[in-house]
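Asker: Sharing final_16.cif (mmCIF, C-alpha atoms) below.
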data_final
#
loop_
_atom_site.label_atom_id
_atom_site.label_comp_id
_atom_site.auth_asym_id
_atom_site.auth_seq_id
_atom_site.Cartn_x
_atom_site.Cartn_y
_atom_site.Cartn_z
CA MET A 332 0.00 0.00 0.00
CA GLU A 333 1.57 3.22 -1.15
CA VAL A 334 1.64 6.26 1.11
CA PRO A 335 0.16 9.33 -0.57
CA ILE A 336 2.26 12.48 -0.46
CA LEU A 337 0.25 15.71 -0.45
CA LYS A 338 1.59 19.10 -1.34
CA GLN A 339 0.33 21.93 0.82
CA GLY A 340 2.04 25.20 -0.05
CA ALA A 341 5.68 24.90 0.83
CA VAL A 342 5.06 21.74 2.88
CA LEU A 343 4.82 18.09 1.86
CA ILE A 344 2.55 15.95 4.01
CA ALA A 345 2.79 12.15 4.15
CA THR A 346 0.21 10.26 6.22
CA PHE A 347 1.07 6.76 7.44
CA GLN A 348 -1.61 4.11 7.34
CA ALA A 349 -1.89 1.46 10.01
CA ALA A 350 0.06 -1.41 8.48
CA LEU A 351 3.01 -0.55 6.30
CA SER A 352 5.46 -3.10 5.00
CA ASP A 353 9.18 -2.42 4.97
CA ALA A 354 8.99 -2.02 1.18
CA ASP A 355 6.29 0.65 1.55
CA LEU A 356 8.51 2.52 3.98
CA ASN A 357 11.48 2.40 1.63
CA GLN A 358 9.29 3.63 -1.21
CA LEU A 359 7.98 6.48 0.94
CA ARG A 360 11.51 7.49 1.86
CA MET A 361 12.62 7.70 -1.75
CA GLY A 362 9.41 9.45 -2.78
CA LEU A 363 9.77 12.15 -0.15
CA VAL A 364 13.44 12.75 -0.77
CA GLN A 365 12.84 13.14 -4.50
CA GLN A 366 9.74 15.30 -4.27
CA VAL A 367 11.07 17.68 -1.66
CA VAL A 368 13.49 19.10 -4.20
CA LYS A 369 11.15 18.71 -7.17
CA PHE A 370 8.47 20.88 -5.50
CA ARG A 371 11.02 23.18 -3.85
CA SER A 372 9.38 22.38 -0.51
CA ARG A 373 10.77 23.86 2.67
CA ALA A 374 9.50 21.18 5.00
CA VAL A 375 8.02 17.70 5.26
CA ILE A 376 5.43 16.57 7.80
CA VAL A 377 5.11 12.84 8.44
CA ASP A 378 1.85 12.03 10.23
CA VAL A 379 1.94 8.74 12.14
CA THR A 380 -1.36 9.11 14.05
CA ALA A 381 -2.72 5.86 12.61
CA MET A 382 0.24 3.80 13.76
CA ASP A 383 -0.48 2.04 17.03
CA VAL A 384 2.72 0.02 16.86
CA MET A 385 6.11 1.31 15.81
CA ASP A 386 8.82 -1.25 15.23
CA SER A 387 12.49 -0.48 15.07
CA PHE A 388 12.56 -0.51 11.28
CA ALA A 389 9.79 2.09 11.04
CA SER A 390 11.42 4.19 13.69
CA ARG A 391 14.83 4.03 12.02
CA THR A 392 13.26 4.89 8.67
CA LEU A 393 11.62 7.97 10.20
CA ARG A 394 14.99 9.13 11.47
CA GLU A 395 16.65 8.47 8.16
CA ILE A 396 13.91 10.38 6.34
CA ALA A 397 14.49 13.35 8.65
CA HIS A 398 18.24 13.32 8.14
CA MET A 399 18.04 12.84 4.37
CA ILE A 400 15.49 15.65 4.05
CA ARG A 401 17.82 17.91 5.98
CA LEU A 402 20.65 17.09 3.59
CA ARG A 403 18.28 18.01 0.77
CA GLY A 404 17.80 21.43 2.34
CA ALA A 405 14.43 21.11 4.08
CA GLU A 406 13.09 20.28 7.52
CA THR A 407 11.05 17.35 8.83
CA VAL A 408 8.42 17.27 11.56
CA ILE A 409 7.03 13.98 12.82
CA VAL A 410 3.50 14.41 14.18
CA GLY A 411 0.85 12.32 15.87
CA ILE A 412 2.92 9.77 17.81
CA GLN A 413 0.49 8.03 20.21
CA PRO A 414 1.32 8.18 23.94
CA GLU A 415 1.68 4.40 24.23
CA VAL A 416 3.82 4.28 21.10
CA ALA A 417 6.00 7.10 22.38
CA PHE A 418 6.77 5.30 25.61
CA ALA A 419 7.35 1.97 23.90
CA MET A 420 9.78 3.64 21.50
CA VAL A 421 11.71 5.29 24.30
CA GLN A 422 11.98 2.00 26.15
CA LEU A 423 13.46 0.43 23.04
CA GLY A 424 15.90 3.33 22.81
CA LEU A 425 14.27 4.74 19.67
CA THR A 426 14.20 8.36 20.70
CA LEU A 427 14.40 10.06 17.29
CA GLU A 428 17.20 12.36 18.42
CA ASP A 429 17.50 15.68 16.55
CA VAL A 430 14.14 15.13 14.86
CA THR A 431 11.43 17.70 15.48
CA THR A 432 8.15 16.26 16.76
CA ALA A 433 4.72 17.78 17.32
CA LEU A 434 1.44 16.64 18.85
CA ASP A 435 -0.60 16.49 15.64
CA LEU A 436 -0.81 17.84 12.11
CA GLU A 437 -2.24 21.15 13.25
CA GLU A 438 0.59 21.67 15.71
CA GLY A 439 3.18 20.70 13.14
CA LEU A 440 1.83 23.20 10.62
CA ALA A 441 1.66 25.90 13.31
CA TYR A 442 5.28 25.21 14.24
CA LEU A 443 6.43 25.48 10.62
CA ASN A 444 4.40 28.63 9.92
CA GLU A 445 5.95 30.28 12.96
CA LYS A 446 9.38 29.24 11.80
CA PHE A 447 8.91 30.39 8.19
CA LYS A 448 7.51 33.73 9.35
CA ASN A 449 10.75 34.42 11.16
CA THR A 450 12.95 33.53 8.21
CA HIS A 451 11.07 35.52 5.57
CA MET B 1065 10.63 -21.91 81.02
CA ALA B 1066 11.73 -22.27 77.45
CA LYS B 1067 14.72 -24.26 78.60
CA ARG B 1068 12.62 -26.73 80.44
CA ASN B 1069 10.36 -27.22 77.46
CA GLU B 1070 13.30 -28.00 75.27
CA MET B 1071 14.58 -30.51 77.73
CA VAL B 1072 11.33 -32.31 77.81
CA LYS B 1073 11.12 -32.33 74.03
CA GLU B 1074 14.58 -33.77 73.77
CA THR B 1075 13.73 -36.60 76.09
CA ALA B 1076 10.49 -37.05 74.23
CA GLY B 1077 12.37 -37.65 71.00
CA PRO B 1078 13.82 -41.13 71.56
CA ASN B 1079 10.66 -42.21 73.31
CA ASN B 1080 8.63 -41.71 70.16
CA GLN B 1081 9.50 -45.17 69.00
CA VAL B 1082 8.40 -46.73 72.22
CA THR B 1083 5.04 -45.04 71.87
CA GLU B 1084 4.60 -46.20 68.34
CA LEU B 1085 5.48 -49.73 69.24
CA SER B 1086 3.22 -49.97 72.25
CA HIS B 1087 0.05 -48.67 70.51
CA SER B 1088 -1.70 -48.72 73.84
CA GLU B 1089 -3.87 -45.69 73.01
CA ALA B 1090 -4.64 -44.09 69.67
CA PRO B 1091 -3.54 -40.43 69.36
CA SER B 1092 -7.14 -39.30 68.89
CA GLU B 1093 -8.07 -40.87 72.18
CA LEU B 1094 -5.20 -39.12 73.87
CA LEU B 1095 -6.35 -35.84 72.36
CA ARG B 1096 -9.83 -36.47 73.69
CA GLU B 1097 -8.45 -37.01 77.14
CA LEU B 1098 -6.39 -33.89 76.74
CA VAL B 1099 -9.37 -31.83 75.62
CA SER B 1100 -11.51 -32.91 78.54
CA HIS B 1101 -8.67 -31.96 80.87
CA LEU B 1102 -8.48 -28.53 79.27
CA ARG B 1103 -12.26 -28.13 79.49
CA GLN B 1104 -12.32 -29.05 83.17
CA ASN B 1105 -9.62 -26.60 84.08
CA ARG B 1106 -10.81 -23.88 81.72
CA THR B 1107 -11.24 -21.12 84.28
CA GLN B 1108 -7.95 -21.68 86.03
CA LEU B 1109 -5.85 -22.12 82.88
CA ARG B 1110 -7.40 -19.13 81.23
CA GLU B 1111 -6.62 -16.98 84.22
CA GLU B 1112 -3.05 -18.23 84.30
CA TRP B 1113 -2.74 -17.37 80.63
CA VAL B 1114 -4.15 -13.87 81.00
CA GLY B 1115 -1.82 -13.39 83.96
CA SER B 1116 1.22 -14.30 81.95
CA ILE B 1117 0.07 -12.07 79.08
CA SER B 1118 -0.01 -9.03 81.32
CA GLN B 1119 3.20 -10.12 83.02
CA THR B 1120 5.10 -10.19 79.73
CA ARG B 1121 3.50 -6.84 78.78
CA LEU B 1122 1.93 -8.05 75.57
CA LEU B 1123 -1.18 -6.46 74.05
CA THR B 1124 -0.60 -3.18 75.89
CA ALA B 1125 -2.91 -1.49 73.41
CA MET B 1126 -5.88 -3.33 74.88
CA THR B 1127 -7.62 -3.00 78.25
CA LYS B 1128 -7.62 -5.82 80.77
CA GLU B 1129 -11.29 -6.60 80.16
CA GLU B 1130 -10.75 -6.79 76.43
CA ILE B 1131 -7.81 -9.10 76.83
CA PHE B 1132 -9.86 -11.32 79.08
CA ALA B 1133 -12.78 -11.45 76.65
CA GLU B 1134 -10.54 -12.21 73.69
CA ALA B 1135 -8.57 -14.73 75.72
CA THR B 1136 -11.77 -16.60 76.52
CA SER B 1137 -12.76 -16.95 72.90
CA VAL B 1138 -9.21 -17.76 71.79
CA TYR B 1139 -9.03 -20.42 74.50
CA ASP B 1140 -12.31 -21.98 73.42
CA SER B 1141 -11.42 -22.01 69.73
CA TYR B 1142 -8.01 -23.39 70.63
CA VAL B 1143 -9.51 -26.30 72.53
CA GLU B 1144 -12.05 -26.82 69.80
CA ALA B 1145 -9.32 -26.96 67.17
CA LEU B 1146 -7.48 -29.53 69.29
CA GLU B 1147 -10.63 -31.56 69.61
CA THR B 1148 -11.78 -31.57 66.02
CA GLU B 1149 -8.31 -31.27 64.47
CA THR B 1150 -9.81 -28.90 61.91
CA PHE B 1151 -8.41 -25.43 61.70
CA GLU B 1152 -10.88 -23.59 59.47
CA ALA B 1153 -12.94 -22.20 62.32
CA LEU B 1154 -9.83 -21.08 64.15
CA GLN B 1155 -8.45 -19.56 60.98
CA ALA B 1156 -11.64 -17.59 60.45
CA TYR B 1157 -11.56 -16.47 64.05
CA ALA B 1158 -7.91 -15.43 63.76
CA ARG B 1159 -8.68 -13.37 60.68
CA ASN B 1160 -11.63 -11.75 62.37
CA LEU B 1161 -9.55 -11.01 65.48
CA SER B 1162 -6.74 -9.55 63.36
CA GLU B 1163 -9.19 -7.30 61.57
CA ARG B 1164 -10.27 -5.89 64.93
CA ILE B 1165 -6.88 -5.48 66.56
CA ILE B 1166 -4.64 -4.39 63.67
CA PRO B 1167 -6.09 -0.86 63.56
CA ARG B 1168 -5.23 -0.57 67.27
CA GLY B 1169 -1.57 -1.12 66.59
CA VAL B 1170 -1.12 -4.70 67.78
CA GLU B 1171 2.13 -6.12 66.43
CA THR B 1172 2.85 -9.51 64.93
CA HIS B 1173 5.21 -10.49 67.75
CA GLU B 1174 2.44 -9.86 70.27
CA VAL B 1175 -0.04 -12.13 68.55
CA VAL B 1176 2.52 -14.89 68.08
CA GLY B 1177 3.64 -14.29 71.65
CA ILE B 1178 0.23 -14.81 73.24
CA VAL B 1179 -0.45 -17.97 71.26
CA LEU B 1180 2.92 -19.39 72.29
CA LEU B 1181 2.17 -18.39 75.89
CA LEU B 1182 -1.09 -20.31 75.76
CA ARG B 1183 0.74 -23.31 74.36
CA ASP B 1184 3.22 -23.15 77.21
CA VAL B 1185 0.56 -22.67 79.89
CA LEU B 1186 -1.32 -25.71 78.63
CA ALA B 1187 1.86 -27.78 78.35
CA ARG B 1188 2.73 -26.88 81.95
CA SER B 1189 -0.63 -28.05 83.17
CA LEU B 1190 -0.07 -31.32 81.34
CA PHE B 1191 3.29 -31.74 83.04
CA ALA B 1192 1.63 -31.14 86.40
CA LYS B 1193 -1.15 -33.62 85.72
CA TYR B 1194 0.96 -36.48 84.41
CA GLN B 1195 4.14 -35.95 86.38
CA THR B 1196 3.83 -39.35 87.99
CA ASP B 1197 3.42 -41.21 84.70
CA PHE B 1198 6.28 -40.15 82.51
CA LYS B 1199 5.46 -42.46 79.59
CA LYS B 1200 1.91 -41.26 79.40
CA LEU B 1201 3.08 -37.66 79.56
CA ASN B 1202 5.25 -38.31 76.55
CA ARG B 1203 2.42 -39.82 74.58
CA ILE B 1204 0.13 -36.96 75.48
CA LEU B 1205 2.77 -34.46 74.40
CA ASP B 1206 3.26 -36.36 71.16
CA ALA B 1207 -0.38 -35.83 70.41
CA TYR B 1208 -0.49 -32.29 71.74
CA GLU B 1209 2.63 -30.69 70.31
CA PRO B 1210 1.98 -31.08 66.56
CA ALA B 1211 -1.56 -29.83 66.96
CA ALA B 1212 -0.48 -26.92 69.15
CA ASN B 1213 2.27 -25.93 66.75
CA ARG B 1214 -0.13 -26.04 63.88
CA ILE B 1215 -2.54 -23.82 65.76
CA ALA B 1216 0.22 -21.30 66.48
CA ASN B 1217 1.16 -21.39 62.82
CA THR B 1218 -2.41 -20.91 61.67
CA VAL B 1219 -3.00 -17.92 63.91
CA ALA B 1220 0.30 -16.26 62.97
CA VAL B 1221 -0.25 -16.77 59.25
CA GLY B 1222 -3.82 -15.50 59.54
CA PHE B 1223 -2.61 -12.37 61.28
CA VAL B 1224 0.15 -11.67 58.80
CA GLN B 1225 -2.16 -12.25 55.84
CA GLU B 1226 -4.69 -9.84 57.25
CA ARG B 1227 -1.96 -7.27 57.79
CA GLU B 1228 -0.73 -7.64 54.23
CA ARG B 1229 -4.26 -7.22 52.97
CA VAL B 1230 -4.59 -3.96 54.91
CA ILE B 1231 -1.24 -2.74 53.57
CA ARG B 1232 -2.21 -3.56 50.00
CA GLN B 1233 -5.48 -1.72 50.41
CA GLN B 1234 -3.69 1.37 51.73
CA GLN B 1235 -1.14 1.28 48.93
CA GLU B 1236 -3.92 1.29 46.39
CA ALA B 1237 -5.60 4.20 48.11
CA ILE B 1238 -2.35 6.17 48.08
CA ARG B 1239 -1.80 5.37 44.44
CA GLU B 1240 -5.20 6.64 43.46
CA LEU B 1241 -4.65 9.89 45.28
CA SER B 1242 -1.12 10.53 44.25
CA THR B 1243 -0.91 11.49 40.60
CA PRO B 1244 -2.70 14.67 39.58
CA VAL B 1245 -1.87 16.22 36.21
CA LEU B 1246 -2.91 19.85 36.46
CA GLN B 1247 -3.29 22.53 33.84
CA VAL B 1248 -2.13 25.94 35.09
CA ARG B 1249 -2.21 27.85 31.80
CA GLU B 1250 -3.39 26.96 28.37
CA ARG B 1251 -0.94 24.34 27.06
CA LEU B 1252 1.02 24.24 30.33
CA LEU B 1253 0.68 21.26 32.67
CA ILE B 1254 2.24 20.69 36.04
CA LEU B 1255 2.79 17.32 37.61
CA PRO B 1256 3.70 17.56 41.28
CA ILE B 1257 5.12 14.31 42.58
CA ILE B 1258 5.19 13.66 46.30
CA GLY B 1259 6.46 10.65 48.19
CA VAL B 1260 8.26 7.52 47.24
CA ILE B 1261 8.18 6.47 43.59
CA ASP B 1262 8.37 2.76 42.92
CA PRO B 1263 8.53 1.39 39.38
CA GLN B 1264 4.81 0.72 39.32
CA ARG B 1265 3.92 4.24 40.35
CA ALA B 1266 6.45 5.63 37.89
CA ARG B 1267 4.77 3.74 35.08
CA GLN B 1268 1.37 5.04 36.13
CA LEU B 1269 2.69 8.61 36.28
CA THR B 1270 4.09 8.33 32.79
CA GLU B 1271 0.88 6.96 31.37
CA GLN B 1272 -1.18 9.72 32.96
CA LEU B 1273 1.23 12.41 31.85
CA LEU B 1274 1.38 11.26 28.22
CA ARG B 1275 -2.39 10.96 28.10
CA GLY B 1276 -2.68 14.39 29.72
CA ILE B 1277 -0.42 15.90 27.07
CA ARG B 1278 -2.71 14.56 24.41
CA THR B 1279 -6.03 15.56 25.93
CA ASN B 1280 -4.88 19.03 27.04
CA ARG B 1281 -2.76 19.62 23.92
CA ALA B 1282 0.08 20.64 26.19
CA LYS B 1283 3.32 22.08 24.88
CA VAL B 1284 5.20 22.46 28.15
CA ILE B 1285 5.09 20.27 31.25
CA VAL B 1286 6.66 21.09 34.58
CA ILE B 1287 7.40 17.98 36.64
CA ASP B 1288 8.05 19.03 40.21
CA ILE B 1289 9.87 16.47 42.33
CA THR B 1290 10.56 18.63 45.39
CA GLY B 1291 8.57 16.12 47.42
CA VAL B 1292 10.66 13.16 46.34
CA ALA B 1293 13.65 12.66 48.62
CA ALA B 1294 15.43 9.98 46.63
CA MET B 1295 14.90 7.65 43.72
CA ASP B 1296 16.67 4.53 42.62
CA VAL B 1297 18.37 4.03 39.28
CA THR B 1298 15.37 2.27 37.71
CA VAL B 1299 13.01 5.10 38.53
CA ALA B 1300 15.55 7.74 37.48
CA ASN B 1301 15.88 6.03 34.13
CA HIS B 1302 12.12 5.96 33.91
CA LEU B 1303 12.00 9.71 34.51
CA VAL B 1304 14.44 10.28 31.66
CA GLN B 1305 12.36 8.04 29.41
CA THR B 1306 9.25 10.00 30.33
CA VAL B 1307 10.98 13.22 29.31
CA GLU B 1308 11.97 11.68 25.97
CA ALA B 1309 8.52 10.21 25.33
CA SER B 1310 6.96 13.61 26.02
CA ARG B 1311 9.27 15.12 23.46
CA LEU B 1312 8.05 12.60 20.89
CA LEU B 1313 4.58 14.03 21.50
CA GLY B 1314 5.96 17.46 20.76
CA ALA B 1315 6.06 18.69 24.35
CA THR B 1316 8.93 20.11 26.38
CA VAL B 1317 9.47 18.88 29.92
CA ILE B 1318 10.99 21.00 32.66
CA VAL B 1319 11.99 19.13 35.80
CA THR B 1320 12.13 21.18 38.98
CA GLY B 1321 13.15 20.66 42.58
CA LEU B 1322 15.76 17.96 42.16
CA SER B 1323 17.23 17.07 45.52
CA PRO B 1324 21.02 16.66 45.79
CA GLU B 1325 20.57 12.89 46.14
CA ILE B 1326 18.53 12.65 42.95
CA ALA B 1327 21.01 14.86 41.11
CA GLN B 1328 23.69 12.42 42.23
CA THR B 1329 21.67 9.46 40.93
CA LEU B 1330 21.09 11.13 37.57
CA VAL B 1331 24.79 11.89 37.21
CA THR B 1332 25.66 8.32 38.19
CA ILE B 1333 23.47 6.82 35.48
CA GLY B 1334 24.96 9.28 33.03
CA VAL B 1335 21.92 11.23 31.87
CA ASP B 1336 22.40 13.25 28.72
CA LEU B 1337 21.90 16.70 30.22
CA GLY B 1338 21.10 18.17 26.81
CA LYS B 1339 17.81 16.29 26.97
CA MET B 1340 16.93 17.20 30.53
CA ASN B 1341 15.66 20.69 31.13
CA THR B 1342 15.99 21.33 34.86
CA VAL B 1343 15.24 24.38 36.98
CA GLY B 1344 15.85 24.81 40.72
CA ASP B 1345 12.34 25.28 42.03
CA LEU B 1346 8.73 25.11 40.88
CA GLN B 1347 8.41 28.88 40.59
CA GLY B 1348 11.44 29.09 38.31
CA GLY B 1349 10.08 26.19 36.28
CA ILE B 1350 6.71 27.85 35.74
CA GLU B 1351 8.42 31.13 34.82
CA GLN B 1352 10.55 29.41 32.22
CA ALA B 1353 7.53 27.52 30.88
CA GLU B 1354 5.69 30.82 30.49
CA ARG B 1355 8.62 32.24 28.56
CA LEU B 1356 8.61 29.21 26.28
CA LEU B 1357 4.90 29.67 25.64
CA GLY B 1358 5.30 33.40 25.04
CA TYR B 1359 3.56 34.60 28.18
CA LYS B 1360 4.72 37.67 30.01
CA VAL B 1361 3.55 38.08 33.57
CA GLU B 1362 3.51 41.64 34.82
CA ARG B 1363 2.53 43.10 38.12
CA LEU B 1364 -0.03 45.84 37.62
CA ALA B 1365 0.04 47.25 41.13
CA GLU B 1366 1.69 46.77 44.46
CA PRO B 1367 -0.12 44.21 46.57
CA ARG B 1368 -2.42 45.78 49.11
#
Rewrite the structure from the file as structure tokens, please.

Answerer:
Amino acid sequence: MEVPILKQGAVLIATFQAALSDADLNQLRMGLVQQVVKFRSRAVIVDVTAMDVMDSFASRTLREIAHMIRLRGAETVIVGIQPEVAFAMVQLGLTLEDVTTALDLEEGLAYLNEKFKNTH
Amino acid sequence: MAKRNEMVKETAGPNNQVTELSHSEAPSELLRELVSHLRQNRTQLREEWVGSISQTRLLTAMTKEEIFAEATSVYDSYVEALETETFEALQAYARNLSERIIPRGVETHEVVGIVLLLRDVLARSLFAKYQTDFKKLNRILDAYEPAANRIANTVAVGFVQERERVIRQQQEAIRELSTPVLQVRERLLILPIIGVIDPQRARQLTEQLLRGIRTNRAKVIVIDITGVAAMDVTVANHLVQTVEASRLLGATVIVTGLSPEIAQTLVTIGVDLGKMNTVGDLQGGIEQAERLLGYKVERLAEPR
């Protein structure tokens, strides 16, 4: 199942569905990294609200996406991590260091708008 | 007195075989004889027992009349347990008694002590009765001692179980009361923690905090641990994990009121201080949280 990538102004938004295979994740990573330059986007939001389990592969992929996007000149915000998922991730040592996180999509957009306003 | 008991038991040991070989009286018959002896001398033995209870200063939390009343029913259930060799009734009584006396501060050693005293008082009276017939005394003791020990065991276990039940109940009550997550400004939560944190409570705190972040859409949380004197390495690690999990939900955690001991623990486990945002006291924490949220608090007039 492919993850749709939506373009919203200067932001790309990818919404995870519940069950994603490792291949889907790899495809999403390549898709985002390509499109972020193609659309001259300034940021990417990855929404993981629907994920009630996060394994180490998914978590590592999220981190890689964030780091690759940064190398491509944009910023990543991960939004919608569920409380139970957050604690499970931390216990597994998957803390997504140096990746920006926000409560939900609205918060993520608000954070980016604030940030872009300052840099204009 | 204890010494003499031991001596008798030692001499009773080798004689066991003799008893088994002779088979002159079945143990149940001996017990019956024993029980009727205890019934006949009920008043006197009970008084002796109560006397030795007050002499050894046990059950000081209870009045003399209360001790006497309880002693009477303990004595009767004791004899009944000896007679029927069933311990359920005694067990139920012990639990009931514990329920009544635990709130008054009666200790385990006191309960065990009085039951052992009763055992000794009764054993003494048996010595006195059968002192002329040593073999019979041994047989009677063979029948009496296992039953008496089992009774002592039953009462002690019943008491301890009841105590543990009370403790569990209180722990639950404390747990329910102990973890408020409070909103002080829009998007600012405080979590004051007071008392000892064990791993179970730590887990509960984390769950409530993460859920609170979600429902209140919080951006900043102040965790105040002024009321926590010390925490072990497990709980300290848990605190760090809570801070990191909150960050995954997009919230910043400020920890305030770390005691020197807790600071020591955190340094020992090697916390990455870049992740931990700590401020000396709750007031400082709230002020910093307000700055993060863009609030500015100004005094409009001098207080009257």

Asker: Have a look at A:Leu363, A:Val384, A:Leu436, A:Ile336 and name the one nearest to Gly411 (chain A); count all atoms listed in the file.

Answerer: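 Between A:Leu363, A:Val384, A:Leu436, A:Ile336, the residue approaching Gly411 (chain A) most closely is A:Leu436.
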
Asker: Written as a ChimeraX atom specification, what is the full residue list that the PyMOL selection byres ((chain A) within 7 of (chain B)) yields on the file shown?

Answerer: /A:411-412,414,417-418,421-422,426,432-434

Asker: Apply the PyMOL selection byres ((chain B and resi 1295) around 8) to the structure shown and report the selected residues as a compact mmCIF listing (two decimals) with C-alpha atoms, in the frame of the given file.

Answerer:
# COMPACT_ATOMS: atom_id res chain seq x y z
CA VAL B 1260 8.26 7.52 47.24
CA ILE B 1261 8.18 6.47 43.59
CA VAL B 1292 10.66 13.16 46.34
CA ALA B 1293 13.65 12.66 48.62
CA ALA B 1294 15.43 9.98 46.63
CA ASP B 1296 16.67 4.53 42.62
CA VAL B 1297 18.37 4.03 39.28
CA VAL B 1299 13.01 5.10 38.53
CA ALA B 1300 15.55 7.74 37.48
CA ILE B 1326 18.53 12.65 42.95
CA THR B 1329 21.67 9.46 40.93

Asker: Which residues, named as in the file, does the PyMOL selection byres ((chain A and resi 347) around 12) pick out? Answer as a VMD selection string.

Answerer: chain A and resid 332 to 337 344 to 346 348 to 352 355 to 356 359 to 360 376 to 385 389 393 409 to 412

Asker: Give me the residues within 10 Å of Ala1153 (chain B) as a PDB file with C-alpha atoms, in the frame of the given file, counting only C-alpha atoms and dropping any in the same chain fewer than 6 places off.

Answerer:
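To be explicit, this is the file written out as result.pdb:
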ATOM      1  CA  SER B1141     -11.420 -22.010  69.730  1.00  0.00           C
ATOM      2  CA  TYR B1142      -8.010 -23.390  70.630  1.00  0.00           C
ATOM      3  CA  GLU B1144     -12.050 -26.820  69.800  1.00  0.00           C
ATOM      4  CA  ALA B1145      -9.320 -26.960  67.170  1.00  0.00           C
ATOM      5  CA  ARG B1159      -8.680 -13.370  60.680  1.00  0.00           C
TER       6      ARG B1159
END

Asker: Measuring between all atoms listed in the file, which one of B:Gly1169, B:Leu1109, B:Leu1095, B:Leu1330 shows the shortest distance to Glu1209 (chain B)?

Answerer: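 Comparing B:Gly1169, B:Leu1109, B:Leu1095, B:Leu1330 against Glu1209 (chain B), the winner is B:Leu1095.
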
Asker: Kindly indicate which residue among A:Phe388, A:Gln358, A:Glu445, A:Gln366 lies nearest to Leu423 (chain A), using only C-alpha atoms for the distances.

Answerer: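 Distance minimum relative to Leu423 (chain A) lands on A:Phe388.
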
Asker: In Å to one decimal, how far is CA of Ile1318 (chain B) from CA of Val1335 (chain B)?

Answerer: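 So the two atoms, CA of Val1335 (chain B) and CA of Ile1318 (chain B), lie 14.7 Å apart.
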
Asker: Work out how far CA of Gln1104 (chain B) is from CA of Val1143 (chain B), in Å to one decimal.

Answerer: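 Going from CA of Val1143 (chain B) over to CA of Gln1104 (chain B) covers 11.3 Å.
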
Asker: Just the number, please: distance in Å from CA of Val375 (chain A) to CA of Ala354 (chain A), one decimal.

Answerer: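 The value is 20.2 Å.
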
Asker: Taking 4 positions as the minimum chain separation for residues in the same chain, which residues sit within 12 Å of Tyr1359 (chain B) when counting only C-alpha atoms? Answer as a list in words.

Answerer: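 Listed by chain and then number, they are Arg1249, Glu1250, Arg1251, Leu1252, Ile1350, Glu1351, Gln1352, Ala1353, Glu1354 and Arg1355 of chain B.
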